[in-house]
Amino acid sequence: MRCKDTNMLQHWFHTARLLLRQQQLYALTMILTLGLTLGALVATFNLNYQLFMAPLPYPDAERLQLVRGSQWQQDEQVAKEWLPAQAQLDIYRQDWPEVATKALHNISIDVAQNLPGNPSFNLGYVTPEFLPMFDAPLALGRHLSQAEGLDSQVPVTVLSYQVWQQHFAGDPAVLGKTLQFRGVSFTVVGVLAAHFVEPVLAAPGWSTDLWLSYDFHDMGTPNWSFNSNQMHLLLKLKPDSNPAQLAHSFEQWAAPEFTAANQSNAFLKNSSVRWRLEPVRNRILGDAAGLSLSLLAGSILLTAIAIANIANLVLGRAMAQQRSLTIRITLGARPAHLFRQYLTEFSLLAIPALLLCLGVAEACYQSLQAGYAGPLPRLQELGSGALSVLFTIGLLIMLCLTLSVWLTRQLNYRQLQQSLQQSGKGAAVQVSGRTRQLLLMSQTLFCLVTLIYCSQIFVQALAKLRQPSGLDLHTYQVALTQGSLLASSQNEERRQLFVQAAEAVKQQSNAMLVGVGGYPPISFWQAGFAMSSVSQQADATRLYPSYRYSGDTEYLKALGLQLQSGEMFSTQQVLNQDNVVVISSSLAHRLAADFATDGSLIDKVLYLRGATTPSRIIGVVSDLTLPGQSDSAAVYTPATPPAFPHLLVRLPDGQSLSRDLVNQALAQVHPQLKVFRFHTSAEIFAEHTQDAKVATIVTAALSLLALALAGLGIFAVIRTQIQLRQYELAVRQSLGARPQHLLQLTLIDNLKPLLWAVLLLSLAYSTLQLCQSFGLSFRFAQHLQKAPLNAALALLTVLTLTVLIVLGCIRPLLGRAVIQSLRGQAVN
């Protein structure tokens with residue numbers, strides 16, 4: 001019996017292979033459609049599963065919490081992320097009954113002074129508990145020991161696997177060697193394994209190269225008035241601990257300390273800090289949810305269009321096989337026999353589609369890991385594992401079964417038996433016309449939804465890319481490290497060296513401008529800086545949020561700022577760090593109304609955040625419209641930073657600058673001065689607008705692919721309907737109907753599904769709007785509300801596509817002899 005079943009199965013597969021060989025274009029279209037769309041769906045499903053469902057690769061990950069805080073004044077949030085550095089340090093030093101383990105983490109970037117070429121590294125300063133907290137596997141050596149913990153002043157480091165391979169060639173004798181940063185030699189005690197998945201707590205895309213003893217961080221001396229987004233306090237709670245209750249305990253403990261320490265601080269004495277514990281999982285996920293869910297939604301829409309397209313293809317093929325089906329049914333074939341035939345055919349197509357699907361998914365993973373969609377968390381864990389393969393196979397099996405059952409039920413067996421005596425003119429009754437109309441409507445609906453959603457995102461992203469920033473992108477941003485000078489010299493001495501360094505680089509490179517200042521408005525560092533504020537009085541409650549930057553006059557000019565009124569800083573004002581400021585145009589407009597001036601703010605005074613003496617406004621400059629910043633208000637102060645300066649270099653057109661040339665110029669000033677980041681402003685700006693570029697490319701490609709898939713499906717349905725109606729149209733034509741009249745009838749018949757799709761879309765949108773009025777918010781409704789023109793253009797595009805397809809399909813029928821249509825000859 002088993003042998004008979006095996007032979008029958010082989011016979012079915014052999015028959016299916018012969019049938020598909022005769023329809024190679026049909027088979028290729030099915031394989032490509034399934035492979036491409038399901039591959040994208042599998043990749044985005046796996047991405048979202050990795051982000052939202054897959055457990056973190058750390059022991060007891062649900063108990064890992066990050067201590068966060070925010071600053072408030074009179075029940076108004078002033079800073080979303082703000083927590084005194086001293087408070088975090090004190091909590092680490094104390095014992096809390098609810099906490100099993102605590103760890104401090106601080107990120108930085110610095111230059112290794114004793115390696116060839118002085119490479120820059122991403123540094124993570126940690127206490128000994130940090131790496132074991134995440135069960136970091138080792139390739140060599142050990143983690144930091146408790147004897148190398150806080151206040152021990154023992155300089156040791158653990159290398160990442162990549163640094164070990166790239167800079168030490170995987171040398172097993174690397175343990176005991178040293179790396180020098182800022183004049184301190186760190187002994188290598190361990191190397192992490194290649195498969196370690198770092199918990200990204202700082203900025204998306206951050207990857208730590210070296211893990212060093214926490215005592216040697218470059219954050220400065222912590223206090224109760226200072227917050228740093230480089231610092232993180234991590235807790236591993238005991239199993240029964242309540243995070244909210246523990247955060248309240250921290251807040252109660254810190255409140256009197258914070259108040260007492262800031263009694264003389266005009267900007268903080270009326271403030272309070274609200275503490276919270278954030279699961280490490282949420283911190284790692286960050287803002288990636290919107291992008292990952294959008295990618296999944298787009299792939300689902302594409303798959304829906306593709307499935308409707310496939311349904312049209314198999315339906316059209318079934319209609320083309322009317323005579324063979326009629327003969328088989330007449331000879332006794334039952335629905336179960338046809339179901340097995342279709343299932344066998346679809347299974348044969350599913351095998352190459354599975355391979356293509358997995359290949360497309362793997363290409364998507366590689367693209368995501370290469371950063372083409374921007375920095376996303378947990379990409380290191382993404383890949384074609386067993387889950388992806390099982391999910392793909394499950395999708396294909398479900399699709400094959402569904403298509404086989406659906407197609408078997410669409411055939412009208414009684415009419416097929418009768419059509420053998422009707423010379424093929426009864427073909428129209430094989431499949432319900434309502435089914436064909438429903439397929440056409442579904443394709444049109446999915447296509448409209450995709451086009452509307454994608455076009456709005458495309459327009460917003462394109463506007464972001466095309467918006468003038470006000471920055472001079474033809475400059476170089478050169479970040480310097482001062483090595484051991486940070487600990488061995490005074491602030492004023494280092495400032496003078498930085499000024500000399502700027503002059504040396506200017507002479508060496510024949511630059512037009514070389515300005516020295518702090519971090520530029522956009523830089524290689526983290527995504528953005530927290531906003532500061534200014535006020536009319538030192539103890540004023542009316543604060544004006546603004547960004548704050550410092551530098552000399554050439555620095556401001558190299559940024560691209562245009563003076564609108566007043567004057568820039570003088571050399572003496574920069575040297576003395578006088579209490580004068582230059583403000584942006586948008587901040588000037590806000591201040592003008594409240595200052596009750598005649599329109600000029602020159603020589604008016606304001607108080608910078610944390611200052612007890614006023615600063616005089618000497619100039620107003622143009623705004624900078626920067627990616628990731630919703631406000632253009634900015635204050636510029638005349639100051640040369642005492643540490644970590646940035647040079648902004650503007651060369652004459654056609655000339656270029658190199659890192660080696662800058663290092664040569666710096667060596668003439670002091671051997672400890674080195675370049676640790678070297679970029680053009682255009683490169684940095686491109687990195688900050690990468691999300692917009694990805695959005696434009698992805699949405700444009702998604703729209704074109706959706707339109708192409710929908711176009712193929714609409715073409716298949718309309719072509720089949722016209723072929724089925726050719727006898728009816730020929731009769732009308734023989735009775736005197738004009739071609740225009742036949743075209744009108746065909747257009748009306750095929751535009752009905754589009755009208756139904758628009759009505760359904762309008763009804764869905766009205767329902768979403770009604771839900772929104774009750775407090776429920778839906779992103780698609782917001783997109784449609786903000787972009788009625790985009791919705792109209794999407795409708796016009798689909799309408800035009802449908803009309804063109806109808807014209808293309810009916811033209812051969814109207815251009816040939818009526819007798820050919822009456823005889824039932826197929827349209828070429």
# chains A, B, ... in the order shown; residues from 1 in each chain; ligands from 1
call {"tool": "residues_around", "arguments": {"residues": "Ala487 of chain A", "least_positions_apart": "5", "cutoff": "12 Å", "atoms": "only C-alpha atoms", "output": "PyMOL selection string"}}
result
chain A and resi 181-184+216-218+220+482+493-494+642-643+672
call {"tool": "residues_around", "arguments": {"residues": "Gln508 of chain A", "least_positions_apart": "4", "cutoff": "9 Å", "atoms": "only C-alpha atoms", "output": "ChimeraX atom specification"}}
result
/A:503-504,661-662,664-665
call {"tool": "write_last_selection", "arguments": {"atoms": "N, CA and C atoms", "output": "mmCIF file, in the first residue's frame"}}
result
data_model
loop_
_atom_site.group_PDB
_atom_site.id
_atom_site.type_symbol
_atom_site.label_atom_id
_atom_site.label_comp_id
_atom_site.auth_asym_id
_atom_site.auth_seq_id
_atom_site.Cartn_x
_atom_site.Cartn_y
_atom_site.Cartn_z
ATOM 1 N N GLU A 503 46.461 77.961 14.856
ATOM 2 C CA GLU A 503 47.303 78.797 14.005
ATOM 3 C C GLU A 503 48.295 77.949 13.210
ATOM 4 N N ALA A 504 48.845 76.897 13.840
ATOM 5 C CA ALA A 504 49.791 76.024 13.145
ATOM 6 C C ALA A 504 49.113 75.277 12.002
ATOM 7 N N LEU A 661 48.573 65.582 7.767
ATOM 8 C CA LEU A 661 49.047 66.956 7.709
ATOM 9 C C LEU A 661 48.712 67.694 9.005
ATOM 10 N N VAL A 662 47.507 67.464 9.538
ATOM 11 C CA VAL A 662 47.116 68.115 10.790
ATOM 12 C C VAL A 662 47.988 67.617 11.936
ATOM 13 N N GLN A 664 51.024 66.575 11.746
ATOM 14 C CA GLN A 664 52.344 67.196 11.601
ATOM 15 C C GLN A 664 52.348 68.605 12.179
ATOM 16 N N ALA A 665 51.269 69.342 11.912
ATOM 17 C CA ALA A 665 51.184 70.701 12.448
ATOM 18 C C ALA A 665 51.065 70.678 13.974
#
call {"tool": "residues_around", "arguments": {"residues": "Ile397 of chain A", "least_positions_apart": "4", "cutoff": "12 Å", "atoms": "only C-alpha atoms", "output": "list in words"}}
result
Leu343, Thr344, Phe346, Ser347, Leu348, Leu349, Ala350, Ile351, Ala353, Leu354, Leu390, Phe391, Thr392, Ile393, Leu401, Thr402, Leu403 and Ser404 of chain A
call {"tool": "residues_around", "arguments": {"residues": "Gln500 of chain A", "least_positions_apart": "4", "cutoff": "10 Å", "atoms": "only C-alpha atoms", "output": "VMD selection string"}}
result
chain A and resid 494 to 496 504 to 506 516 665 to 666 668 to 670
call {"tool": "atom_distance", "arguments": {"atom1": "atom CA of Leu673 of chain A", "atom2": "atom CA of Trp206 of chain A"}}
result
25.1 Å
call {"tool": "select_by_dssp", "arguments": {"residues": "segment 558-704 of chain A", "states": "alpha helix (DSSP H)", "output": "PyMOL selection string"}}
result
chain A and resi 558-559+571-576+585-595+659-669+681-688+690-704
call {"tool": "write_last_selection", "arguments": {"atoms": "N, CA and C atoms", "output": "compact mmCIF listing (two decimals), in the first residue's frame"}}
result
# COMPACT_ATOMS: atom_id res chain seq x y z
N ALA A 558 33.28 79.68 10.28
CA ALA A 558 33.44 78.38 9.61
C ALA A 558 32.17 77.54 9.71
N LEU A 559 31.37 77.76 10.74
CA LEU A 559 30.08 77.08 10.83
C LEU A 559 29.15 77.48 9.69
N THR A 571 39.10 89.21 19.23
CA THR A 571 40.13 88.28 19.73
C THR A 571 40.31 88.43 21.24
N GLN A 572 40.25 89.68 21.73
CA GLN A 572 40.44 89.91 23.15
C GLN A 572 39.28 89.34 23.97
N GLN A 573 38.06 89.43 23.43
CA GLN A 573 36.91 88.87 24.15
C GLN A 573 37.00 87.36 24.28
N VAL A 574 37.55 86.71 23.24
CA VAL A 574 37.73 85.25 23.31
C VAL A 574 38.81 84.90 24.32
N LEU A 575 39.93 85.64 24.29
CA LEU A 575 41.03 85.36 25.23
C LEU A 575 40.58 85.57 26.68
N ASN A 576 39.80 86.62 26.93
CA ASN A 576 39.35 86.93 28.29
C ASN A 576 38.09 86.16 28.68
N SER A 585 18.94 84.11 15.22
CA SER A 585 17.81 84.95 14.82
C SER A 585 16.50 84.50 15.48
N SER A 586 16.27 83.18 15.54
CA SER A 586 15.00 82.71 16.12
C SER A 586 14.93 83.04 17.61
N LEU A 587 16.03 82.93 18.34
CA LEU A 587 16.03 83.30 19.74
C LEU A 587 15.83 84.81 19.90
N ALA A 588 16.41 85.58 19.00
CA ALA A 588 16.24 87.03 19.05
C ALA A 588 14.78 87.43 18.90
N HIS A 589 14.05 86.75 18.03
CA HIS A 589 12.63 87.07 17.84
C HIS A 589 11.83 86.77 19.10
N ARG A 590 12.16 85.70 19.81
CA ARG A 590 11.44 85.36 21.03
C ARG A 590 11.75 86.35 22.15
N LEU A 591 13.02 86.74 22.22
CA LEU A 591 13.41 87.66 23.28
C LEU A 591 12.86 89.06 23.05
N ALA A 592 12.73 89.46 21.78
CA ALA A 592 12.36 90.84 21.46
C ALA A 592 11.02 91.22 22.08
N ALA A 593 10.03 90.31 22.02
CA ALA A 593 8.70 90.63 22.53
C ALA A 593 8.73 90.83 24.05
N ASP A 594 9.42 89.95 24.77
CA ASP A 594 9.43 90.03 26.23
C ASP A 594 10.37 91.10 26.75
N PHE A 595 11.39 91.44 25.97
CA PHE A 595 12.31 92.49 26.41
C PHE A 595 11.75 93.88 26.15
N ARG A 659 44.52 63.99 7.56
CA ARG A 659 44.77 63.78 8.99
C ARG A 659 46.26 63.87 9.30
N ASP A 660 47.09 63.29 8.43
CA ASP A 660 48.54 63.32 8.66
C ASP A 660 49.08 64.74 8.67
N LEU A 661 48.57 65.58 7.77
CA LEU A 661 49.05 66.96 7.71
C LEU A 661 48.71 67.69 9.00
N VAL A 662 47.51 67.46 9.54
CA VAL A 662 47.12 68.12 10.79
C VAL A 662 47.99 67.62 11.94
N ASN A 663 48.26 66.31 11.97
CA ASN A 663 49.12 65.77 13.03
C ASN A 663 50.54 66.34 12.96
N GLN A 664 51.02 66.58 11.75
CA GLN A 664 52.34 67.20 11.60
C GLN A 664 52.35 68.60 12.18
N ALA A 665 51.27 69.34 11.91
CA ALA A 665 51.18 70.70 12.45
C ALA A 665 51.06 70.68 13.97
N LEU A 666 50.30 69.74 14.52
CA LEU A 666 50.12 69.65 15.97
C LEU A 666 51.43 69.27 16.66
N ALA A 667 52.23 68.43 16.02
CA ALA A 667 53.51 68.01 16.63
C ALA A 667 54.45 69.20 16.84
N GLN A 668 54.28 70.24 16.02
CA GLN A 668 55.11 71.43 16.19
C GLN A 668 54.72 72.22 17.44
N VAL A 669 53.48 72.02 17.91
CA VAL A 669 53.00 72.76 19.07
C VAL A 669 53.27 71.97 20.36
N SER A 681 32.58 68.12 7.18
CA SER A 681 31.23 68.45 7.69
C SER A 681 30.16 67.79 6.82
N ALA A 682 30.45 67.64 5.52
CA ALA A 682 29.49 66.99 4.63
C ALA A 682 29.27 65.53 5.04
N GLU A 683 30.35 64.83 5.43
CA GLU A 683 30.23 63.44 5.87
C GLU A 683 29.38 63.34 7.13
N ILE A 684 29.63 64.24 8.06
CA ILE A 684 28.88 64.21 9.32
C ILE A 684 27.42 64.55 9.09
N PHE A 685 27.18 65.55 8.25
CA PHE A 685 25.80 65.92 7.95
C PHE A 685 25.07 64.76 7.25
N ALA A 686 25.78 64.08 6.35
CA ALA A 686 25.17 62.93 5.67
C ALA A 686 24.82 61.83 6.66
N GLU A 687 25.68 61.63 7.66
CA GLU A 687 25.39 60.61 8.68
C GLU A 687 24.17 60.99 9.50
N HIS A 688 24.02 62.27 9.80
CA HIS A 688 22.88 62.72 10.60
C HIS A 688 21.57 62.71 9.80
N GLN A 690 21.01 60.33 7.49
CA GLN A 690 20.92 59.01 6.89
C GLN A 690 19.52 58.44 6.98
N ASP A 691 18.82 58.69 8.10
CA ASP A 691 17.47 58.16 8.24
C ASP A 691 16.55 58.71 7.17
N ALA A 692 16.70 60.00 6.83
CA ALA A 692 15.87 60.58 5.79
C ALA A 692 16.20 60.00 4.42
N LYS A 693 17.49 59.78 4.15
CA LYS A 693 17.89 59.19 2.87
C LYS A 693 17.33 57.78 2.74
N VAL A 694 17.45 57.00 3.82
CA VAL A 694 16.92 55.65 3.79
C VAL A 694 15.41 55.67 3.58
N ALA A 695 14.74 56.61 4.25
CA ALA A 695 13.29 56.69 4.11
C ALA A 695 12.88 57.01 2.68
N THR A 696 13.59 57.94 2.03
CA THR A 696 13.24 58.27 0.64
C THR A 696 13.46 57.08 -0.28
N ILE A 697 14.60 56.39 -0.12
CA ILE A 697 14.91 55.27 -1.00
C ILE A 697 13.94 54.12 -0.78
N VAL A 698 13.71 53.77 0.50
CA VAL A 698 12.85 52.63 0.81
C VAL A 698 11.41 52.90 0.37
N THR A 699 10.90 54.08 0.70
CA THR A 699 9.50 54.37 0.34
C THR A 699 9.31 54.49 -1.17
N ALA A 700 10.30 55.07 -1.87
CA ALA A 700 10.20 55.15 -3.32
C ALA A 700 10.23 53.76 -3.94
N ALA A 701 11.16 52.91 -3.45
CA ALA A 701 11.24 51.54 -3.98
C ALA A 701 9.98 50.75 -3.64
N LEU A 702 9.49 50.93 -2.42
CA LEU A 702 8.28 50.22 -2.00
C LEU A 702 7.08 50.64 -2.84
N SER A 703 6.97 51.94 -3.11
CA SER A 703 5.86 52.44 -3.92
C SER A 703 5.92 51.89 -5.35
N LEU A 704 7.13 51.91 -5.94
CA LEU A 704 7.28 51.40 -7.30
C LEU A 704 7.00 49.90 -7.37
call {"tool": "residues_around", "arguments": {"residues": "Ile452 of chain A", "least_positions_apart": "4", "cutoff": "7 Å", "atoms": "only C-alpha atoms", "output": "MDAnalysis selection string"}}
result
chainID A and resid 448 456 790:791 794
call {"tool": "closest_residue", "arguments": {"among": "A:Leu302, A:Leu379, A:Leu83, A:Leu399", "to": "Cys454 of chain A", "atoms": "only C-alpha atoms"}}
result
A:Leu302
call {"tool": "closest_residue", "arguments": {"among": "A:Ser622, A:Ser565, A:Thr612, A:Thr259", "to": "Leu471 of chain A", "atoms": "only C-alpha atoms"}}
result
A:Ser622
call {"tool": "residues_around", "arguments": {"residues": "segment 239-255 of chain A", "least_positions_apart": "6", "cutoff": "7 Å", "atoms": "only C-alpha atoms", "output": "PyMOL selection string"}}
result
chain A and resi 87+98+274-277
call {"tool": "atom_distance", "arguments": {"atom1": "atom CA of Leu138 of chain A", "atom2": "atom CA of Ala202 of chain A"}}
result
22.6 Å
call {"tool": "closest_residue", "arguments": {"among": "A:Gln655, A:Thr481, A:Gln50, A:Thr689", "to": "Leu497 of chain A", "atoms": "only C-alpha atoms"}}
result
A:Thr481
